[in-house]
2 protein chains.
Amino acid sequence: MSKPTLYTCLSPALLHLYNVRECIVVVIDILRATSTIATALHNGAKEIIPVDSVEKCIRLGKNMACITAGERDGKVAEGLQYGNSSFEYPREFIQGKILVLTTTNGTKLLHMALAKGATEIVTGSFLNFSAVCDHLLSTKKNIILACAGWKDKVNIEDSLFAGAVIAKVGQHFEVDCDASNIAASLYDQAKNDLFEFMKKSNASHYHRLMNFGLERDIRHCMTKDIANVLPYYINERLVI
Amino acid sequence: MSKPTLYTCLSPALLHLYNVRECIVVVIDILRATSTIATALHNGAKEIIPVDSVEKCIRLGKNMACITAGERDGKVAEGLQYGNSSFEYPREFIQGKILVLTTTNGTKLLHMALAKGATEIVTGSFLNFSAVCDHLLSTKKNIILACAGWKDKVNIEDSLFAGAVIAKVGQHFEVDCDASNIAASLYDQAKNDLFEFMKKSNASHYHRLMNFGLERDIRHCMTKDIANVLPYYINERLVI
């Protein structure tokens, strides 16, 4: 029996090159949407409603009991209550609540994948690395690792996560995809210290967040399995 | 004085993210358009006219004394005389002649860059690596390293060339670009033996050409400075 396929899409602007139907799409936005999604659900959030605009986020906030959160250009978006740092969502705050979230790259990519006909979407981050890998290994379906990047540009941290997944599960899949092999090669160089690699390789997002004083956020988002749940998309929500 | 900028565009489908005006665009299609361009000009071709369709290539061939050549899906395109292997263009054949060339990725990208307003285009390959780097260092302009990829997918060999250029000239430029750093990291792992790296990392183009019996072509295209000229685009032609 042939193996299921695994492709890596390094930017949302390349998503049209991949057939997202009948496969698992792993949405990856390490800094910070998918890290925050894993954290909030791990800490007991009832569900997360990802939306693609600040306006929709505000509108939902008026119509239902929920927390509205979102970021544009790395900062809390105007009109929203919270941002997309994991540290804003400890258990004592988020447990049992609904979080409505919009971000520059991650939630946008999720909606792009839906628009292109994706039927199975999970979100991936280092925080829930093993839960994602276990799911991919047990379901044995075709996979697309979809990196959110930064405003359609390829970024290092999302590529690193794709590489980490490939290093872990790649042998069980048909990886006939240069982007996957580039990601795997990158991760191989970075794996001993992801934070140091981000620093050394002058990652643009590293600088953006460091300039906001968010080193703790970066270090947190580079840590494996500290919010090890599997967020999956169903009925317009992310749940575990 | 601030340094000029250097960006790497990993796929033609991402070219819209970069401002191609007032900078040098290096078109990169290692397997094999830009390698063949360097070879043919190095071997004395009078000029190369890159065109974006097989039809236009055939039409030009009827209207002027020239050699028509081109490839689609890695094979000589129907209706054309020659393909895009360097070995088809030895000096005794190509000297003094005009070559009209169309390829799946490389010439298409060149025309995309023109359509977006690029005014300075050169072509890069390992065969003319030093000539390209010397030009970038001496002109001190902003640079976009534009990878042709394969049908808009990111590929290893073009990324490797971008990485090689960055390793050589990067310190003289402002490289605030994750794609550049990914390419540089990739090259760093591959630099001791580019051919073996292509093989080991399961590069898709490696397999495509190996299946056509073209190992010699791949090895040739991974060799530095054996056709060390600087093809630049002017008056709808590539000349040196």
# chains A, B, ... in the order shown; residues from 1 in each chain; ligands from 1
>>> interface_residues(of="chain A", to="chain B", cutoff="9 Å", atoms="only C-alpha atoms", output="compact mmCIF listing (two decimals) with C-alpha atoms, in the first residue's frame")
# COMPACT_ATOMS: atom_id res chain seq x y z
CA CYS A 9 3.13 25.11 1.77
CA LEU A 10 5.54 27.84 2.86
CA SER A 11 3.20 30.81 2.31
CA ALA A 13 0.11 32.90 -1.36
CA LEU A 14 1.15 29.41 -2.52
CA LEU A 17 -0.78 25.00 -5.64
CA LYS A 151 1.88 38.90 5.14
CA ASP A 152 2.47 36.14 2.59
CA LYS A 153 6.24 36.17 3.03
CA VAL A 154 7.90 32.92 4.05
CA ASN A 155 9.10 32.95 7.63
CA ILE A 156 11.59 30.94 9.63
CA SER A 159 9.07 26.61 8.38
CA VAL A 175 7.47 13.43 0.99
CA ASP A 176 8.03 14.33 -2.66
CA CYS A 177 8.17 18.05 -2.00
CA ASP A 178 11.17 20.37 -2.05
CA ALA A 179 9.56 22.80 0.38
CA ASN A 181 12.88 19.01 2.43
CA ILE A 182 14.00 22.61 2.83
CA ALA A 183 11.96 22.86 6.06
CA SER A 185 16.93 20.74 6.55
CA LEU A 186 16.30 24.03 8.36
CA GLN A 189 20.22 22.94 11.87
CA SER A 201 19.53 33.58 11.74
CA ASN A 202 18.17 37.06 12.22
CA ALA A 203 14.52 35.98 11.93
CA SER A 204 12.35 38.97 11.11
CA HIS A 205 9.64 37.97 13.56
>>> residues_around(residues="Val100 (chain A)", least_positions_apart="5", cutoff="8 Å", atoms="only C-alpha atoms", output="PDB file with N, CA, C and O atoms, in the first residue's frame")
ATOM      1  N   ILE A  48     -12.767  28.278  20.520  1.00  0.00           N
ATOM      2  CA  ILE A  48     -12.188  29.480  19.915  1.00  0.00           C
ATOM      3  C   ILE A  48     -12.827  29.675  18.550  1.00  0.00           C
ATOM      4  O   ILE A  48     -12.866  28.737  17.735  1.00  0.00           O
ATOM      5  N   ILE A  49     -13.348  30.853  18.335  1.00  0.00           N
ATOM      6  CA  ILE A  49     -13.938  31.157  17.027  1.00  0.00           C
ATOM      7  C   ILE A  49     -12.942  32.030  16.269  1.00  0.00           C
ATOM      8  O   ILE A  49     -12.744  33.199  16.603  1.00  0.00           O
ATOM      9  N   PRO A  50     -12.268  31.436  15.255  1.00  0.00           N
ATOM     10  CA  PRO A  50     -11.323  32.244  14.485  1.00  0.00           C
ATOM     11  C   PRO A  50     -12.090  33.038  13.434  1.00  0.00           C
ATOM     12  O   PRO A  50     -12.912  32.473  12.704  1.00  0.00           O
ATOM     13  N   VAL A  51     -11.865  34.314  13.362  1.00  0.00           N
ATOM     14  CA  VAL A  51     -12.529  35.135  12.344  1.00  0.00           C
ATOM     15  C   VAL A  51     -11.478  35.915  11.568  1.00  0.00           C
ATOM     16  O   VAL A  51     -10.350  36.091  12.025  1.00  0.00           O
ATOM     17  N   CYS A  57     -14.912  40.340  14.547  1.00  0.00           N
ATOM     18  CA  CYS A  57     -14.559  40.019  15.930  1.00  0.00           C
ATOM     19  C   CYS A  57     -15.354  40.927  16.880  1.00  0.00           C
ATOM     20  O   CYS A  57     -15.961  40.461  17.849  1.00  0.00           O
ATOM     21  N   LEU A  60     -19.145  40.005  16.814  1.00  0.00           N
ATOM     22  CA  LEU A  60     -19.460  38.802  17.599  1.00  0.00           C
ATOM     23  C   LEU A  60     -19.403  39.107  19.088  1.00  0.00           C
ATOM     24  O   LEU A  60     -20.211  38.614  19.875  1.00  0.00           O
ATOM     25  N   GLY A  61     -18.445  39.950  19.473  1.00  0.00           N
ATOM     26  CA  GLY A  61     -18.288  40.332  20.879  1.00  0.00           C
ATOM     27  C   GLY A  61     -19.526  41.019  21.420  1.00  0.00           C
ATOM     28  O   GLY A  61     -19.865  40.876  22.603  1.00  0.00           O
ATOM     29  N   CYS A  66     -18.449  36.511  25.158  1.00  0.00           N
ATOM     30  CA  CYS A  66     -17.156  35.977  24.731  1.00  0.00           C
ATOM     31  C   CYS A  66     -16.072  37.009  24.971  1.00  0.00           C
ATOM     32  O   CYS A  66     -16.339  38.168  25.281  1.00  0.00           O
ATOM     33  N   ILE A  67     -14.857  36.540  24.802  1.00  0.00           N
ATOM     34  CA  ILE A  67     -13.702  37.435  24.862  1.00  0.00           C
ATOM     35  C   ILE A  67     -13.257  37.703  23.428  1.00  0.00           C
ATOM     36  O   ILE A  67     -13.085  36.759  22.643  1.00  0.00           O
ATOM     37  N   THR A  68     -13.095  38.949  23.082  1.00  0.00           N
ATOM     38  CA  THR A  68     -12.613  39.256  21.740  1.00  0.00           C
ATOM     39  C   THR A  68     -11.129  39.576  21.802  1.00  0.00           C
ATOM     40  O   THR A  68     -10.664  40.319  22.674  1.00  0.00           O
ATOM     41  N   ALA A  69     -10.412  39.007  20.878  1.00  0.00           N
ATOM     42  CA  ALA A  69      -8.966  39.185  20.898  1.00  0.00           C
ATOM     43  C   ALA A  69      -8.433  39.200  19.482  1.00  0.00           C
ATOM     44  O   ALA A  69      -9.002  38.575  18.585  1.00  0.00           O
TER      45      ALA A  69
END
>>> select_by_dssp(residues="region 24-90 of chain B", states="alpha helix (DSSP H)", output="NGL selection string")
:B and (33-42 or 54-63)
>>> residues_around(residues="Tyr89 (chain B)", least_positions_apart="3", cutoff="10 Å", atoms="only C-alpha atoms", output="JSON, numbers by chain")
{"B": [36, 37, 39, 40, 41, 42, 43, 44, 45, 82, 83, 84, 85, 86, 92, 93, 94, 95, 99]}
>>> closest_residue(among="A:Leu127, A:Val54, A:Val20, A:Leu137", to="Gln171 (chain A)", atoms="only C-alpha atoms")
A:Leu137
>>> select_by_dssp(residues="region 144-239 of chain B", states="strand (DSSP E or B)", output="list in words")
Ile144, Leu145, Ala146, Cys147, Trp150, Lys153, Glu174, Tyr232, Tyr233, Ile234, Arg237, Leu238 and Val239 of chain B
>>> atom_distance(atom1="CA of Asn192 (chain A)", atom2="CA of Gly163 (chain B)")
22.0 Å
>>> atom_distance(atom1="CA of Ile144 (chain B)", atom2="CA of Ser53 (chain B)")
24.4 Å
>>> atom_distance(atom1="CA of Gly213 (chain B)", atom2="CA of Lys97 (chain B)")
27.9 Å
>>> residues_around(residues="Val169 (chain B)", least_positions_apart="5", cutoff="9 Å", atoms="only C-alpha atoms", output="PDB file with N, CA and C atoms, in the first residue's frame")
ATOM      1  N   CYS B 133      28.079  37.622  -8.573  1.00  0.00           N
ATOM      2  CA  CYS B 133      28.443  38.206  -7.271  1.00  0.00           C
ATOM      3  C   CYS B 133      29.287  39.455  -7.448  1.00  0.00           C
ATOM      4  N   ASP B 134      30.241  39.413  -8.367  1.00  0.00           N
ATOM      5  CA  ASP B 134      31.090  40.584  -8.603  1.00  0.00           C
ATOM      6  C   ASP B 134      30.251  41.776  -9.034  1.00  0.00           C
ATOM      7  N   LEU B 136      27.039  42.321  -8.355  1.00  0.00           N
ATOM      8  CA  LEU B 136      26.231  42.793  -7.224  1.00  0.00           C
ATOM      9  C   LEU B 136      27.089  43.614  -6.261  1.00  0.00           C
ATOM     10  N   LEU B 137      28.308  43.164  -6.054  1.00  0.00           N
ATOM     11  CA  LEU B 137      29.198  43.871  -5.131  1.00  0.00           C
ATOM     12  C   LEU B 137      29.645  45.217  -5.697  1.00  0.00           C
ATOM     13  N   ALA B 164      23.917  30.591  -1.819  1.00  0.00           N
ATOM     14  CA  ALA B 164      25.341  30.725  -2.161  1.00  0.00           C
ATOM     15  C   ALA B 164      25.701  32.191  -2.387  1.00  0.00           C
TER      16      ALA B 164
END
>>> residues_around(residues="Ile234 (chain B)", least_positions_apart="6", cutoff="12 Å", atoms="only C-alpha atoms", output="list in words")
Glu47, Ile48, Ile49, Pro50, Leu114, Ala118, Thr119, Glu120, Ile121, Val122 and Ile240 of chain B
>>> write_last_selection(atoms="C-alpha atoms", output="mmCIF file, in the first residue's frame")
data_model
loop_
_atom_site.group_PDB
_atom_site.id
_atom_site.type_symbol
_atom_site.label_atom_id
_atom_site.label_comp_id
_atom_site.auth_asym_id
_atom_site.auth_seq_id
_atom_site.Cartn_x
_atom_site.Cartn_y
_atom_site.Cartn_z
ATOM 1 C CA GLU B 47 22.416 37.040 -28.047
ATOM 2 C CA ILE B 48 19.576 35.129 -26.431
ATOM 3 C CA ILE B 49 15.986 36.219 -26.851
ATOM 4 C CA PRO B 50 13.932 34.849 -23.948
ATOM 5 C CA LEU B 114 9.542 42.910 -16.652
ATOM 6 C CA ALA B 118 11.969 45.607 -13.369
ATOM 7 C CA THR B 119 14.563 47.680 -15.184
ATOM 8 C CA GLU B 120 17.728 45.714 -14.430
ATOM 9 C CA ILE B 121 17.699 41.965 -14.897
ATOM 10 C CA VAL B 122 20.632 39.591 -14.895
ATOM 11 C CA ILE B 240 27.098 39.769 -22.097
#
>>> residues_around(residues="region 220-226 of chain B", least_positions_apart="3", cutoff="6 Å", atoms="only C-alpha atoms", output="mmCIF file with all heavy atoms, in the first residue's frame")
data_model
loop_
_atom_site.group_PDB
_atom_site.id
_atom_site.type_symbol
_atom_site.label_atom_id
_atom_site.label_comp_id
_atom_site.auth_asym_id
_atom_site.auth_seq_id
_atom_site.Cartn_x
_atom_site.Cartn_y
_atom_site.Cartn_z
ATOM 1 N N PHE B 126 25.032 28.620 -11.056
ATOM 2 C CA PHE B 126 26.343 28.310 -10.486
ATOM 3 C C PHE B 126 27.449 28.477 -11.531
ATOM 4 O O PHE B 126 28.579 28.846 -11.197
ATOM 5 C CB PHE B 126 26.357 26.892 -9.903
ATOM 6 C CG PHE B 126 25.576 26.791 -8.624
ATOM 7 C CD1 PHE B 126 24.348 26.156 -8.585
ATOM 8 C CD2 PHE B 126 26.057 27.367 -7.455
ATOM 9 C CE1 PHE B 126 23.606 26.084 -7.406
ATOM 10 C CE2 PHE B 126 25.337 27.303 -6.269
ATOM 11 C CZ PHE B 126 24.112 26.661 -6.243
ATOM 12 N N LEU B 127 27.099 28.254 -12.795
ATOM 13 C CA LEU B 127 28.096 28.351 -13.863
ATOM 14 C C LEU B 127 28.676 29.756 -13.991
ATOM 15 O O LEU B 127 29.804 29.923 -14.458
ATOM 16 C CB LEU B 127 27.470 27.920 -15.201
ATOM 17 C CG LEU B 127 27.305 26.422 -15.453
ATOM 18 C CD1 LEU B 127 26.533 25.721 -14.358
ATOM 19 C CD2 LEU B 127 26.643 26.169 -16.798
ATOM 20 N N ASN B 128 27.889 30.747 -13.618
ATOM 21 C CA ASN B 128 28.392 32.130 -13.678
ATOM 22 C C ASN B 128 28.259 32.820 -12.322
ATOM 23 O O ASN B 128 27.978 34.017 -12.229
ATOM 24 C CB ASN B 128 27.700 32.933 -14.787
ATOM 25 C CG ASN B 128 26.200 33.092 -14.556
ATOM 26 O OD1 ASN B 128 25.575 32.244 -13.933
ATOM 27 N ND2 ASN B 128 25.626 34.167 -15.069
ATOM 28 N N PHE B 129 28.469 32.036 -11.287
ATOM 29 C CA PHE B 129 28.307 32.502 -9.907
ATOM 30 C C PHE B 129 29.162 33.740 -9.597
ATOM 31 O O PHE B 129 28.667 34.769 -9.129
ATOM 32 C CB PHE B 129 28.679 31.348 -8.955
ATOM 33 C CG PHE B 129 28.685 31.736 -7.510
ATOM 34 C CD1 PHE B 129 27.489 31.917 -6.833
ATOM 35 C CD2 PHE B 129 29.867 31.914 -6.815
ATOM 36 C CE1 PHE B 129 27.478 32.273 -5.486
ATOM 37 C CE2 PHE B 129 29.867 32.272 -5.474
ATOM 38 C CZ PHE B 129 28.669 32.451 -4.810
ATOM 39 N N ASP B 217 23.810 16.497 -16.773
ATOM 40 C CA ASP B 217 23.301 17.869 -16.758
ATOM 41 C C ASP B 217 23.250 18.439 -15.342
ATOM 42 O O ASP B 217 23.613 19.584 -15.117
ATOM 43 C CB ASP B 217 21.877 17.917 -17.346
ATOM 44 C CG ASP B 217 21.895 18.251 -18.828
ATOM 45 O OD1 ASP B 217 22.414 17.412 -19.596
ATOM 46 O OD2 ASP B 217 21.411 19.337 -19.187
#
>>> residues_around(residues="Arg72 (chain A)", least_positions_apart="3", cutoff="7 Å", atoms="only C-alpha atoms", output="MDAnalysis selection string")
chainID A and resid 75:77 103:104
